[in-house]
$ cat my_file.cif   # mmCIF, C-alpha atoms
data_upload
loop_
_atom_site.group_PDB
_atom_site.id
_atom_site.type_symbol
_atom_site.label_atom_id
_atom_site.label_comp_id
_atom_site.auth_asym_id
_atom_site.auth_seq_id
_atom_site.Cartn_x
_atom_site.Cartn_y
_atom_site.Cartn_z
ATOM 1 C CA MET B 1 193.011 103.364 189.510
ATOM 2 C CA ALA B 2 189.494 104.227 188.415
ATOM 3 C CA ASP B 3 186.015 102.913 189.100
ATOM 4 C CA VAL B 4 183.990 101.536 186.190
ATOM 5 C CA VAL B 5 180.244 100.974 186.563
ATOM 6 C CA THR B 6 179.199 97.935 184.524
ATOM 7 C CA GLY B 7 175.858 97.473 182.821
ATOM 8 C CA GLU B 8 174.698 95.485 185.864
ATOM 9 C CA ALA B 9 175.405 98.499 188.128
ATOM 10 C CA VAL B 10 178.441 96.788 189.680
ATOM 11 C CA VAL B 11 181.437 99.016 190.443
ATOM 12 C CA VAL B 12 184.716 97.510 189.204
ATOM 13 C CA GLU B 13 188.132 99.005 189.874
ATOM 14 C CA VAL B 14 190.451 99.145 186.856
ATOM 15 C CA ARG B 15 193.997 100.382 186.341
ATOM 16 C CA VAL B 16 194.008 103.290 183.886
ATOM 17 C CA ALA B 17 196.895 103.225 181.410
ATOM 18 C CA GLN B 18 199.464 105.925 182.080
ATOM 19 C CA LEU B 19 200.603 108.418 179.456
ATOM 20 C CA PRO B 20 204.179 107.040 179.044
ATOM 21 C CA SER B 21 202.961 103.499 178.343
ATOM 22 C CA ARG B 22 200.334 104.782 175.913
ATOM 23 C CA ALA B 23 202.953 106.902 174.139
ATOM 24 C CA LEU B 24 205.293 103.925 173.773
ATOM 25 C CA ALA B 25 202.456 101.754 172.458
ATOM 26 C CA LEU B 26 201.598 104.515 169.976
ATOM 27 C CA MET B 27 205.202 104.638 168.764
ATOM 28 C CA ILE B 28 205.126 100.892 168.075
ATOM 29 C CA ASP B 29 201.831 101.221 166.217
ATOM 30 C CA MET B 30 203.100 104.164 164.176
ATOM 31 C CA VAL B 31 206.164 102.176 163.117
ATOM 32 C CA VAL B 32 203.824 99.452 161.867
ATOM 33 C CA GLN B 33 201.679 102.049 160.103
ATOM 34 C CA PHE B 34 204.730 103.694 158.522
ATOM 35 C CA ALA B 35 205.771 100.292 157.223
ATOM 36 C CA GLY B 36 202.294 99.782 155.784
ATOM 37 C CA VAL B 37 202.261 103.189 154.101
ATOM 38 C CA PHE B 38 205.759 102.572 152.712
ATOM 39 C CA GLY B 39 204.628 99.226 151.359
ATOM 40 C CA VAL B 40 201.628 100.839 149.686
ATOM 41 C CA GLY B 41 203.870 103.477 148.110
ATOM 42 C CA LEU B 42 206.262 100.813 146.879
ATOM 43 C CA LEU B 43 203.435 98.893 145.271
ATOM 44 C CA LEU B 44 202.093 102.024 143.602
ATOM 45 C CA SER B 45 205.525 102.807 142.168
ATOM 46 C CA MET B 46 205.453 99.428 140.460
ATOM 47 C CA VAL B 47 201.981 99.967 139.005
ATOM 48 C CA THR B 48 201.856 101.488 135.528
ATOM 49 C CA PHE B 49 198.121 101.688 134.845
ATOM 50 C CA ILE B 50 197.842 105.155 136.483
ATOM 51 C CA ALA B 51 199.248 107.561 133.940
ATOM 52 C CA GLU B 52 198.556 110.935 135.521
ATOM 53 C CA GLU B 53 200.846 111.912 138.392
ATOM 54 C CA ALA B 54 198.121 113.848 140.246
ATOM 55 C CA LEU B 55 195.789 110.864 140.121
ATOM 56 C CA ALA B 56 198.532 108.562 141.353
ATOM 57 C CA THR B 57 199.256 110.930 144.248
ATOM 58 C CA ALA B 58 195.592 111.097 145.224
ATOM 59 C CA PHE B 59 195.297 107.325 144.994
ATOM 60 C CA GLY B 60 198.368 106.912 147.196
ATOM 61 C CA ILE B 61 197.005 109.311 149.817
ATOM 62 C CA LEU B 62 193.714 107.423 149.861
ATOM 63 C CA LEU B 63 195.381 104.041 150.313
ATOM 64 C CA GLY B 64 197.702 105.473 152.965
ATOM 65 C CA ALA B 65 194.731 106.813 154.927
ATOM 66 C CA LEU B 66 193.046 103.430 154.654
ATOM 67 C CA VAL B 67 196.163 101.774 156.071
ATOM 68 C CA VAL B 68 196.469 104.292 158.919
ATOM 69 C CA VAL B 69 192.793 103.980 159.860
ATOM 70 C CA GLY B 70 192.297 100.327 158.981
ATOM 71 C CA TYR B 71 195.227 99.006 161.019
ATOM 72 C CA PRO B 72 193.923 100.001 164.489
ATOM 73 C CA VAL B 73 190.293 99.298 163.544
ATOM 74 C CA VAL B 74 190.983 95.768 162.312
ATOM 75 C CA PHE B 75 193.378 94.831 165.114
ATOM 76 C CA GLU B 76 191.307 96.305 167.945
ATOM 77 C CA THR B 77 188.133 94.692 166.619
ATOM 78 C CA LEU B 78 189.664 91.235 166.198
ATOM 79 C CA THR B 79 191.621 91.281 169.473
ATOM 80 C CA ARG B 80 188.995 92.993 171.637
ATOM 81 C CA GLY B 81 190.777 96.309 172.054
ATOM 82 C CA ARG B 82 194.447 95.532 171.443
ATOM 83 C CA SER B 83 196.791 96.682 168.706
ATOM 84 C CA LEU B 84 200.363 95.421 168.366
ATOM 85 C CA GLY B 85 201.650 98.300 170.490
ATOM 86 C CA LYS B 86 199.027 97.779 173.175
ATOM 87 C CA LEU B 87 199.692 94.047 173.139
ATOM 88 C CA ALA B 88 203.391 94.680 173.758
ATOM 89 C CA LEU B 89 202.681 97.087 176.637
ATOM 90 C CA GLY B 90 199.826 95.125 178.209
ATOM 91 C CA LEU B 91 197.147 97.707 177.382
ATOM 92 C CA ARG B 92 193.579 97.246 176.227
ATOM 93 C CA VAL B 93 190.756 99.515 175.048
ATOM 94 C CA VAL B 94 187.431 98.863 176.782
ATOM 95 C CA SER B 95 184.080 100.627 176.850
ATOM 96 C CA ASP B 96 183.278 103.037 179.655
ATOM 97 C CA ASP B 97 181.097 100.322 181.212
ATOM 98 C CA GLY B 98 183.983 97.854 181.251
ATOM 99 C CA GLY B 99 182.720 95.844 178.268
ATOM 100 C CA PRO B 100 184.801 94.964 175.195
ATOM 101 C CA GLU B 101 185.420 97.596 172.554
ATOM 102 C CA ARG B 102 182.852 97.500 169.745
ATOM 103 C CA PHE B 103 183.515 97.943 166.021
ATOM 104 C CA ARG B 104 181.926 101.377 165.838
ATOM 105 C CA GLN B 105 184.081 102.522 168.769
ATOM 106 C CA ALA B 106 187.228 101.172 167.113
ATOM 107 C CA LEU B 107 186.235 102.883 163.853
ATOM 108 C CA PHE B 108 185.679 106.222 165.550
ATOM 109 C CA ARG B 109 188.990 105.930 167.440
ATOM 110 C CA GLY B 110 190.768 105.108 164.175
ATOM 111 C CA LEU B 111 189.277 108.082 162.337
ATOM 112 C CA SER B 112 190.013 110.351 165.286
ATOM 113 C CA GLY B 113 193.579 109.040 165.462
ATOM 114 C CA LEU B 114 194.130 110.009 161.825
ATOM 115 C CA VAL B 115 193.304 113.607 162.715
ATOM 116 C CA GLU B 116 194.898 113.714 166.182
ATOM 117 C CA PHE B 117 198.244 112.071 165.392
ATOM 118 C CA TRP B 118 198.841 112.300 161.654
ATOM 119 C CA LEU B 119 197.330 115.679 160.801
ATOM 120 C CA LEU B 120 197.773 117.577 164.099
ATOM 121 C CA PHE B 121 200.936 115.750 165.308
ATOM 122 C CA GLY B 122 199.342 114.460 168.527
ATOM 123 C CA ALA B 123 198.776 117.859 170.153
ATOM 124 C CA PRO B 124 195.021 117.425 170.769
ATOM 125 C CA ALA B 125 195.550 113.911 172.139
ATOM 126 C CA LEU B 126 198.284 115.081 174.527
ATOM 127 C CA ILE B 127 196.306 118.054 175.844
ATOM 128 C CA CYS B 128 193.119 116.033 176.291
ATOM 129 C CA SER B 129 194.986 113.187 178.034
ATOM 130 C CA LEU B 130 196.563 115.601 180.506
ATOM 131 C CA ILE B 131 193.223 117.245 181.282
ATOM 132 C CA SER B 132 191.150 114.072 181.546
ATOM 133 C CA GLU B 133 191.113 112.294 184.910
ATOM 134 C CA ARG B 134 191.169 108.957 183.089
ATOM 135 C CA GLY B 135 193.789 109.951 180.535
ATOM 136 C CA LYS B 136 191.345 109.953 177.630
ATOM 137 C CA ARG B 137 192.226 111.408 174.261
ATOM 138 C CA LEU B 138 189.560 112.918 172.016
ATOM 139 C CA GLY B 139 188.853 109.593 170.332
ATOM 140 C CA ASP B 140 188.174 108.000 173.723
ATOM 141 C CA VAL B 141 185.962 110.864 174.873
ATOM 142 C CA PHE B 142 183.646 110.763 171.870
ATOM 143 C CA SER B 143 183.622 106.977 171.395
ATOM 144 C CA GLY B 144 183.014 106.197 175.069
ATOM 145 C CA THR B 145 186.154 104.145 175.657
ATOM 146 C CA ILE B 146 189.023 104.026 178.110
ATOM 147 C CA VAL B 147 192.499 102.490 177.842
ATOM 148 C CA ILE B 148 193.385 100.269 180.787
ATOM 149 C CA SER B 149 196.542 98.451 181.822
ATOM 150 C CA GLU B 150 196.272 94.711 182.349
ATOM 151 C CA ARG B 151 199.683 94.567 183.972
ATOM 152 C CA GLY B 152 200.569 95.876 187.377
ATOM 153 C CA PRO B 153 202.194 95.067 190.685
ATOM 154 C CA ARG B 154 200.909 91.968 192.381
ATOM 155 C CA GLN B 155 198.380 92.855 194.999
ATOM 156 C CA ALA B 156 198.656 91.587 198.541
ATOM 157 C CA PRO B 157 196.115 88.926 199.528
ATOM 158 C CA PRO B 158 192.977 90.308 201.175
ATOM 159 C CA PRO B 159 193.004 90.492 204.986
ATOM 160 C CA GLN B 160 191.809 87.314 206.677
ATOM 161 C CA MET B 161 189.301 87.248 209.503
ATOM 162 C CA PRO B 162 190.885 86.593 212.924
ATOM 163 C CA PRO B 163 188.777 83.670 214.246
ATOM 164 C CA ALA B 164 188.421 85.269 217.679
ATOM 165 C CA LEU B 165 186.683 88.307 216.142
ATOM 166 C CA ALA B 166 184.338 86.539 213.697
ATOM 167 C CA GLY B 167 181.292 86.718 215.960
ATOM 168 C CA TRP B 168 181.873 90.371 216.834
ATOM 169 C CA ALA B 169 182.518 91.321 213.189
ATOM 170 C CA ALA B 170 179.173 89.850 212.116
ATOM 171 C CA THR B 171 177.391 92.498 214.228
ATOM 172 C CA LEU B 172 179.296 95.501 212.835
ATOM 173 C CA GLU B 173 177.626 98.533 211.286
ATOM 174 C CA LEU B 174 179.825 99.307 208.258
ATOM 175 C CA SER B 175 177.580 101.382 206.013
ATOM 176 C CA ARG B 176 179.268 104.660 206.995
ATOM 177 C CA LEU B 177 182.855 103.479 206.459
ATOM 178 C CA PRO B 178 184.428 105.590 203.649
ATOM 179 C CA GLU B 179 186.222 103.769 200.850
ATOM 180 C CA GLU B 180 189.256 106.063 201.248
ATOM 181 C CA LEU B 181 189.645 105.036 204.885
ATOM 182 C CA ALA B 182 189.283 101.356 204.002
ATOM 183 C CA ALA B 183 192.012 101.795 201.376
ATOM 184 C CA THR B 184 194.267 103.352 204.028
ATOM 185 C CA ALA B 185 193.757 100.323 206.251
ATOM 186 C CA ARG B 186 194.493 97.921 203.387
ATOM 187 C CA GLN B 187 197.723 99.766 202.642
ATOM 188 C CA TYR B 188 198.737 99.623 206.297
ATOM 189 C CA LEU B 189 198.076 95.871 206.486
ATOM 190 C CA SER B 190 199.906 95.193 203.213
ATOM 191 C CA ARG B 191 203.011 96.967 204.571
ATOM 192 C CA PHE B 192 202.686 95.550 208.079
ATOM 193 C CA GLY B 193 205.675 93.217 207.776
ATOM 194 C CA GLU B 194 207.936 96.043 206.567
ATOM 195 C CA LEU B 195 207.344 98.235 209.625
ATOM 196 C CA SER B 196 209.128 98.200 212.942
ATOM 197 C CA PRO B 197 207.086 97.017 215.962
ATOM 198 C CA MET B 198 206.740 100.568 217.273
ATOM 199 C CA VAL B 199 205.556 101.937 213.924
ATOM 200 C CA GLN B 200 203.212 98.970 213.526
ATOM 201 C CA HIS B 201 201.438 99.824 216.760
ATOM 202 C CA GLU B 202 201.470 103.623 216.456
ATOM 203 C CA MET B 203 200.289 103.724 212.847
ATOM 204 C CA GLY B 204 197.686 101.058 213.507
ATOM 205 C CA ALA B 205 196.373 102.975 216.509
ATOM 206 C CA ARG B 206 195.929 106.114 214.412
ATOM 207 C CA VAL B 207 194.032 104.255 211.696
ATOM 208 C CA VAL B 208 191.832 102.485 214.251
ATOM 209 C CA ALA B 209 191.025 105.805 215.926
ATOM 210 C CA ARG B 210 189.690 107.039 212.578
ATOM 211 C CA PHE B 211 187.736 103.803 212.070
ATOM 212 C CA ALA B 212 186.045 104.207 215.446
ATOM 213 C CA ALA B 213 184.094 107.222 214.172
ATOM 214 C CA PHE B 214 182.402 105.100 211.480
ATOM 215 C CA VAL B 215 182.335 101.525 212.825
ATOM 216 C CA SER B 216 180.336 100.222 215.765
ATOM 217 C CA PRO B 217 180.199 98.473 218.193
ATOM 218 C CA PRO B 218 183.727 98.735 219.643
ATOM 219 C CA PRO B 219 185.873 95.588 219.689
ATOM 220 C CA PRO B 220 186.411 93.297 222.683
ATOM 221 C CA PRO B 221 189.246 94.164 225.087
ATOM 222 C CA ASN B 222 192.896 93.452 224.272
ATOM 223 C CA VAL B 223 192.446 93.509 220.489
ATOM 224 C CA PRO B 224 195.620 94.667 218.682
ATOM 225 C CA PRO B 225 195.176 97.273 215.941
ATOM 226 C CA TRP B 226 196.059 94.945 213.068
ATOM 227 C CA ALA B 227 193.483 92.376 214.192
ATOM 228 C CA TYR B 228 190.765 95.023 214.489
ATOM 229 C CA LEU B 229 191.451 96.371 210.993
ATOM 230 C CA ALA B 230 191.757 92.908 209.447
ATOM 231 C CA ALA B 231 188.437 91.855 210.979
ATOM 232 C CA VAL B 232 186.606 94.952 209.745
ATOM 233 C CA LEU B 233 187.984 94.687 206.197
ATOM 234 C CA ALA B 234 187.383 90.935 205.997
ATOM 235 C CA GLU B 235 183.767 91.338 207.154
ATOM 236 C CA ARG B 236 183.247 94.207 204.703
ATOM 237 C CA ARG B 237 184.561 92.062 201.875
ATOM 238 C CA ARG B 238 182.409 89.093 202.926
ATOM 239 C CA ARG B 239 179.270 91.223 202.883
ATOM 240 C CA THR B 240 180.132 92.664 199.479
ATOM 241 C CA GLU B 241 180.643 89.183 198.042
ATOM 242 C CA ALA B 242 177.401 87.970 199.608
ATOM 243 C CA ARG B 243 175.512 90.918 198.110
ATOM 244 C CA LEU B 244 176.978 90.211 194.669
ATOM 245 C CA ALA B 245 176.058 86.540 195.035
ATOM 246 C CA ARG B 246 172.452 87.504 195.783
ATOM 247 C CA GLN B 247 172.399 89.780 192.731
ATOM 248 C CA ILE B 248 173.737 86.971 190.556
ATOM 249 C CA GLN B 249 171.183 84.575 192.025
ATOM 250 C CA GLY B 250 168.347 87.015 191.345
ATOM 251 C CA TYR B 251 169.522 87.667 187.797
ATOM 252 C CA SER B 252 169.852 83.942 187.124
ATOM 253 C CA THR B 253 166.385 83.268 188.531
ATOM 254 C CA ARG B 254 164.786 85.937 186.352
ATOM 255 C CA HIS B 255 166.559 84.738 183.203
ATOM 256 C CA GLY B 256 166.321 81.020 183.862
ATOM 257 C CA ALA B 257 170.065 80.393 184.032
ATOM 258 C CA ALA B 258 172.141 78.618 186.612
ATOM 259 C CA PRO B 259 173.639 80.881 189.275
ATOM 260 C CA ALA B 260 177.175 81.915 188.405
ATOM 261 C CA VAL B 261 178.984 81.986 191.734
ATOM 262 C CA PRO B 262 182.777 82.475 191.601
ATOM 263 C CA HIS B 263 184.759 79.232 191.923
ATOM 264 C CA GLY B 264 181.491 77.275 191.909
ATOM 265 C CA ALA B 265 180.866 77.650 195.604
ATOM 266 C CA ALA B 266 178.691 79.881 197.706
ATOM 267 C CA PHE B 267 180.303 82.683 199.656
ATOM 268 C CA PRO B 268 180.901 81.509 203.221
ATOM 269 C CA ALA B 269 178.922 82.760 206.144
ATOM 270 C CA PRO B 270 180.806 84.323 209.052
ATOM 271 C CA PRO B 271 182.418 81.560 211.102
ATOM 272 C CA THR B 272 181.218 80.976 214.597
ATOM 273 C CA GLY B 273 182.678 79.207 217.553
ATOM 274 C CA ASP B 274 184.641 79.784 220.694
ATOM 275 C CA PRO B 275 187.228 82.569 220.505
ATOM 276 C CA VAL B 276 190.800 81.465 219.993
ATOM 277 C CA PRO B 277 193.992 83.446 220.655
ATOM 278 C CA PHE B 278 194.967 85.953 217.946
ATOM 279 C CA PRO B 279 197.433 84.365 215.525
ATOM 280 C CA PRO B 280 200.189 86.547 214.086
ATOM 281 C CA PRO B 281 199.062 88.340 210.903
ATOM 282 C CA VAL B 282 200.119 86.743 207.623
ATOM 283 C CA PHE B 283 201.180 89.446 205.174
ATOM 284 C CA ALA B 284 204.130 90.058 202.884
ATOM 285 C CA ALA B 285 206.624 89.189 205.626
ATOM 286 C CA SER B 286 206.390 87.695 209.072
ATOM 287 C CA PRO B 287 205.976 90.702 211.361
ATOM 288 C CA ALA B 288 207.270 90.984 214.858
ATOM 289 C CA ARG B 289 204.572 90.949 217.492
ATOM 290 C CA THR B 290 203.966 94.185 219.348
ATOM 291 C CA PRO B 291 203.885 93.753 223.135
ATOM 292 C CA ALA B 292 200.413 94.352 224.476
ATOM 293 C CA THR B 293 200.023 97.606 226.339
ATOM 294 C CA PRO B 294 198.657 97.544 229.879
ATOM 295 C CA GLY B 295 194.926 97.198 229.783
ATOM 296 C CA GLY B 296 194.911 96.103 226.114
ATOM 297 C CA PHE B 297 194.043 98.163 223.075
ATOM 298 C CA GLN B 298 190.657 99.637 222.475
ATOM 299 C CA PRO B 299 189.773 102.359 219.969
ATOM 300 C CA PRO B 300 188.163 105.487 221.363
ATOM 301 C CA ALA B 301 184.390 105.548 221.526
#
$ encode --input "my_file.cif" --output "structure tokens"
Amino acid sequence: MADVVTGEAVVVEVRVAQLPSRALALMIDMVVQFAGVFGVGLLLSMVTFIAEEALATAFGILLGALVVVGYPVVFETLTRGRSLGKLALGLRVVSDDGGPERFRQALFRGLSGLVEFWLLFGAPALICSLISERGKRLGDVFSGTIVISERGPRQAPPPQMPPALAGWAATLELSRLPEELAATARQYLSRFGELSPMVQHEMGARVVARFAAFVSPPPPPNVPPWAYLAAVLAERRRRTEARLARQIQGYSTRHGAAPAVPHGAAFPAPPTGDPVPFPPPVFAASPARTPATPGGFQPPA
């Protein structure tokens, strides 16, 4: 995964295409290009108006180069970053800011591909892809593009707010919570149903102990680890959505357009009301409840 900063200064997480999938997509595209070059050669062999052999060879090389360069440029421009190979593998070329690939970017990638793959047998592209954190080849580096994968494993639903902790979560200070630690908590909650009751509690306690150094105030007594983590992540997500909604509202006000809020509804405010008992967490599988320890669970101060 990689973070992409859009033109509106919003950070979006995308799945960078891996080298094997890009290589397979390239093989499909090269088969199509070989077929195009072969077709051009077949047509030239049937043409009799070019008498000189050297001129015919030069003309064939020129048309072959046009096929090799024109194929990815035309397809990626018309399909917003997808060639036949990328379409088969679920890949797409996008700009570094997450926007669609532009014609000039597709043209530069096509010209670079002629040199990288057809003249230098892919060596520069392979070396650059292995060095680059985002798997970019030279054409991507100089054109300002990145190849992403639009397919991937289904993500678990986001953690839901335990109703009993909604009021407490609304008072949390979350500005110091690192993204890496939040990702660890999301992974723990997504695998919660696969763990044994003992591992559920022990692993959750370790993650909560790390959260306690960045999140305040501490939770109420007798809060199980999973509920604490779910409440913190749900509140963090709610605040992020609310901030994005305010940015959209401000942008729409300045440009005289209607606010574009996802699903046509405003982001909900934190629910209030009397605390209710903690329901069992709803994740990939129905987890077994961990018996409460004497005195309840509370992360260290």
$ resolve_selection --input "my_file.cif" --expression "the PyMOL selection byres ((chain B and resi 211) around 10)" --output "ChimeraX atom specification"
/B:174,176-178,181-182,185,205-210,212-216,218,228-229,232,299-300
$ write_last_selection --input "my_file.cif" --atoms "C-alpha atoms" --output "PDB file, in the frame of the given file"
ATOM      1  CA  LEU B 174     179.825  99.307 208.258  1.00  0.00           C
ATOM      2  CA  ARG B 176     179.268 104.660 206.995  1.00  0.00           C
ATOM      3  CA  LEU B 177     182.855 103.479 206.459  1.00  0.00           C
ATOM      4  CA  PRO B 178     184.428 105.590 203.649  1.00  0.00           C
ATOM      5  CA  LEU B 181     189.645 105.036 204.885  1.00  0.00           C
ATOM      6  CA  ALA B 182     189.283 101.356 204.002  1.00  0.00           C
ATOM      7  CA  ALA B 185     193.757 100.323 206.251  1.00  0.00           C
ATOM      8  CA  ALA B 205     196.373 102.975 216.509  1.00  0.00           C
ATOM      9  CA  ARG B 206     195.929 106.114 214.412  1.00  0.00           C
ATOM     10  CA  VAL B 207     194.032 104.255 211.696  1.00  0.00           C
ATOM     11  CA  VAL B 208     191.832 102.485 214.251  1.00  0.00           C
ATOM     12  CA  ALA B 209     191.025 105.805 215.926  1.00  0.00           C
ATOM     13  CA  ARG B 210     189.690 107.039 212.578  1.00  0.00           C
ATOM     14  CA  ALA B 212     186.045 104.207 215.446  1.00  0.00           C
ATOM     15  CA  ALA B 213     184.094 107.222 214.172  1.00  0.00           C
ATOM     16  CA  PHE B 214     182.402 105.100 211.480  1.00  0.00           C
ATOM     17  CA  VAL B 215     182.335 101.525 212.825  1.00  0.00           C
ATOM     18  CA  SER B 216     180.336 100.222 215.765  1.00  0.00           C
ATOM     19  CA  PRO B 218     183.727  98.735 219.643  1.00  0.00           C
ATOM     20  CA  TYR B 228     190.765  95.023 214.489  1.00  0.00           C
ATOM     21  CA  LEU B 229     191.451  96.371 210.993  1.00  0.00           C
ATOM     22  CA  VAL B 232     186.606  94.952 209.745  1.00  0.00           C
ATOM     23  CA  PRO B 299     189.773 102.359 219.969  1.00  0.00           C
ATOM     24  CA  PRO B 300     188.163 105.487 221.363  1.00  0.00           C
TER      25      PRO B 300
END
$ closest_residue --input "my_file.cif" --among "B:Ala25, B:Met30, B:Val37, B:Ile148" --to "Leu87 of chain B" --atoms "only C-alpha atoms"
B:Ala25
$ residues_around --input "my_file.cif" --residues "Leu63 of chain B" --least-positions-apart "6" --cutoff "10 Å" --atoms "only C-alpha atoms" --output "list in words"
Gly36, Val37, Val40, Gly41, Leu44, Thr57, Val69 and Gly70 of chain B
$ residues_around --input "my_file.cif" --residues "Ala234 of chain B" --least-positions-apart "5" --cutoff "6 Å" --atoms "only C-alpha atoms" --output "list in words"
Pro159, Gln160 and Met161 of chain B
$ atom_distance --input "my_file.cif" --atom1 "atom CA of Leu120 of chain B" --atom2 "atom CA of Asp96 of chain B"
25.8 Å
$ decode --input "my_file.cif" --residues "segment 156-228 of chain B" --atoms "C-alpha atoms" --output "PDB file, in the first residue's frame"
ATOM      1  CA  ALA B 156     -12.910  -6.172   6.881  1.00  0.00           C
ATOM      2  CA  PRO B 157     -15.631  -3.666   7.789  1.00  0.00           C
ATOM      3  CA  PRO B 158     -14.414  -0.750   9.909  1.00  0.00           C
ATOM      4  CA  PRO B 159     -14.711  -1.164  13.689  1.00  0.00           C
ATOM      5  CA  GLN B 160     -18.056  -0.052  15.090  1.00  0.00           C
ATOM      6  CA  MET B 161     -18.435   2.161  18.130  1.00  0.00           C
ATOM      7  CA  PRO B 162     -19.540   0.262  21.262  1.00  0.00           C
ATOM      8  CA  PRO B 163     -22.570   2.313  22.424  1.00  0.00           C
ATOM      9  CA  ALA B 164     -21.410   2.276  26.046  1.00  0.00           C
ATOM     10  CA  LEU B 165     -18.173   4.069  25.083  1.00  0.00           C
ATOM     11  CA  ALA B 166     -19.582   6.698  22.693  1.00  0.00           C
ATOM     12  CA  GLY B 167     -19.637   9.495  25.263  1.00  0.00           C
ATOM     13  CA  TRP B 168     -16.133   8.722  26.516  1.00  0.00           C
ATOM     14  CA  ALA B 169     -14.744   8.418  22.969  1.00  0.00           C
ATOM     15  CA  ALA B 170     -16.013  11.895  22.073  1.00  0.00           C
ATOM     16  CA  THR B 171     -13.622  13.378  24.668  1.00  0.00           C
ATOM     17  CA  LEU B 172     -10.500  11.535  23.466  1.00  0.00           C
ATOM     18  CA  GLU B 173      -7.271  13.263  22.483  1.00  0.00           C
ATOM     19  CA  LEU B 174      -6.159  11.356  19.363  1.00  0.00           C
ATOM     20  CA  SER B 175      -3.781  13.753  17.634  1.00  0.00           C
ATOM     21  CA  ARG B 176      -0.681  11.879  18.833  1.00  0.00           C
ATOM     22  CA  LEU B 177      -1.845   8.401  17.790  1.00  0.00           C
ATOM     23  CA  PRO B 178       0.575   7.056  15.113  1.00  0.00           C
ATOM     24  CA  GLU B 179      -0.909   5.605  11.942  1.00  0.00           C
ATOM     25  CA  GLU B 180       1.266   2.481  12.305  1.00  0.00           C
ATOM     26  CA  LEU B 181      -0.216   1.759  15.728  1.00  0.00           C
ATOM     27  CA  ALA B 182      -3.749   2.316  14.440  1.00  0.00           C
ATOM     28  CA  ALA B 183      -3.029  -0.148  11.621  1.00  0.00           C
ATOM     29  CA  THR B 184      -1.855  -2.702  14.198  1.00  0.00           C
ATOM     30  CA  ALA B 185      -5.130  -2.328  16.072  1.00  0.00           C
ATOM     31  CA  ARG B 186      -7.166  -2.703  12.873  1.00  0.00           C
ATOM     32  CA  GLN B 187      -5.296  -5.895  12.033  1.00  0.00           C
ATOM     33  CA  TYR B 188      -5.914  -7.266  15.518  1.00  0.00           C
ATOM     34  CA  LEU B 189      -9.648  -6.517  15.310  1.00  0.00           C
ATOM     35  CA  SER B 190      -9.940  -7.989  11.808  1.00  0.00           C
ATOM     36  CA  ARG B 191      -8.402 -11.265  13.046  1.00  0.00           C
ATOM     37  CA  PHE B 192     -10.243 -11.252  16.368  1.00  0.00           C
ATOM     38  CA  GLY B 193     -12.569 -14.125  15.474  1.00  0.00           C
ATOM     39  CA  GLU B 194      -9.651 -16.336  14.395  1.00  0.00           C
ATOM     40  CA  LEU B 195      -7.851 -16.118  17.745  1.00  0.00           C
ATOM     41  CA  SER B 196      -8.332 -18.223  20.831  1.00  0.00           C
ATOM     42  CA  PRO B 197      -9.850 -16.461  23.877  1.00  0.00           C
ATOM     43  CA  MET B 198      -6.487 -16.352  25.644  1.00  0.00           C
ATOM     44  CA  VAL B 199      -4.689 -14.879  22.629  1.00  0.00           C
ATOM     45  CA  GLN B 200      -7.544 -12.421  22.111  1.00  0.00           C
ATOM     46  CA  HIS B 201      -7.073 -11.005  25.592  1.00  0.00           C
ATOM     47  CA  GLU B 202      -3.267 -11.118  25.757  1.00  0.00           C
ATOM     48  CA  MET B 203      -2.694  -9.585  22.328  1.00  0.00           C
ATOM     49  CA  GLY B 204      -5.377  -6.984  22.919  1.00  0.00           C
ATOM     50  CA  ALA B 205      -3.831  -6.035  26.254  1.00  0.00           C
ATOM     51  CA  ARG B 206      -0.447  -5.476  24.617  1.00  0.00           C
ATOM     52  CA  VAL B 207      -1.919  -3.263  21.902  1.00  0.00           C
ATOM     53  CA  VAL B 208      -3.958  -1.279  24.433  1.00  0.00           C
ATOM     54  CA  ALA B 209      -0.862  -0.741  26.578  1.00  0.00           C
ATOM     55  CA  ARG B 210       0.805   0.886  23.563  1.00  0.00           C
ATOM     56  CA  PHE B 211      -2.309   2.975  22.865  1.00  0.00           C
ATOM     57  CA  ALA B 212      -2.304   4.307  26.420  1.00  0.00           C
ATOM     58  CA  ALA B 213       0.879   6.285  25.736  1.00  0.00           C
ATOM     59  CA  PHE B 214      -0.860   8.300  22.991  1.00  0.00           C
ATOM     60  CA  VAL B 215      -4.574   8.337  23.885  1.00  0.00           C
ATOM     61  CA  SER B 216      -6.202  10.070  26.833  1.00  0.00           C
ATOM     62  CA  PRO B 217      -8.240  10.013  29.027  1.00  0.00           C
ATOM     63  CA  PRO B 218      -8.220   6.352  30.127  1.00  0.00           C
ATOM     64  CA  PRO B 219     -11.384   4.305  29.564  1.00  0.00           C
ATOM     65  CA  PRO B 220     -14.041   3.538  32.182  1.00  0.00           C
ATOM     66  CA  PRO B 221     -13.530   0.452  34.370  1.00  0.00           C
ATOM     67  CA  ASN B 222     -14.195  -3.076  33.101  1.00  0.00           C
ATOM     68  CA  VAL B 223     -13.656  -2.251  29.420  1.00  0.00           C
ATOM     69  CA  PRO B 224     -12.333  -5.260  27.453  1.00  0.00           C
ATOM     70  CA  PRO B 225      -9.396  -4.621  25.114  1.00  0.00           C
ATOM     71  CA  TRP B 226     -11.360  -5.143  21.901  1.00  0.00           C
ATOM     72  CA  ALA B 227     -14.006  -2.618  22.959  1.00  0.00           C
ATOM     73  CA  TYR B 228     -11.372  -0.023  23.858  1.00  0.00           C
TER      74      TYR B 228
END
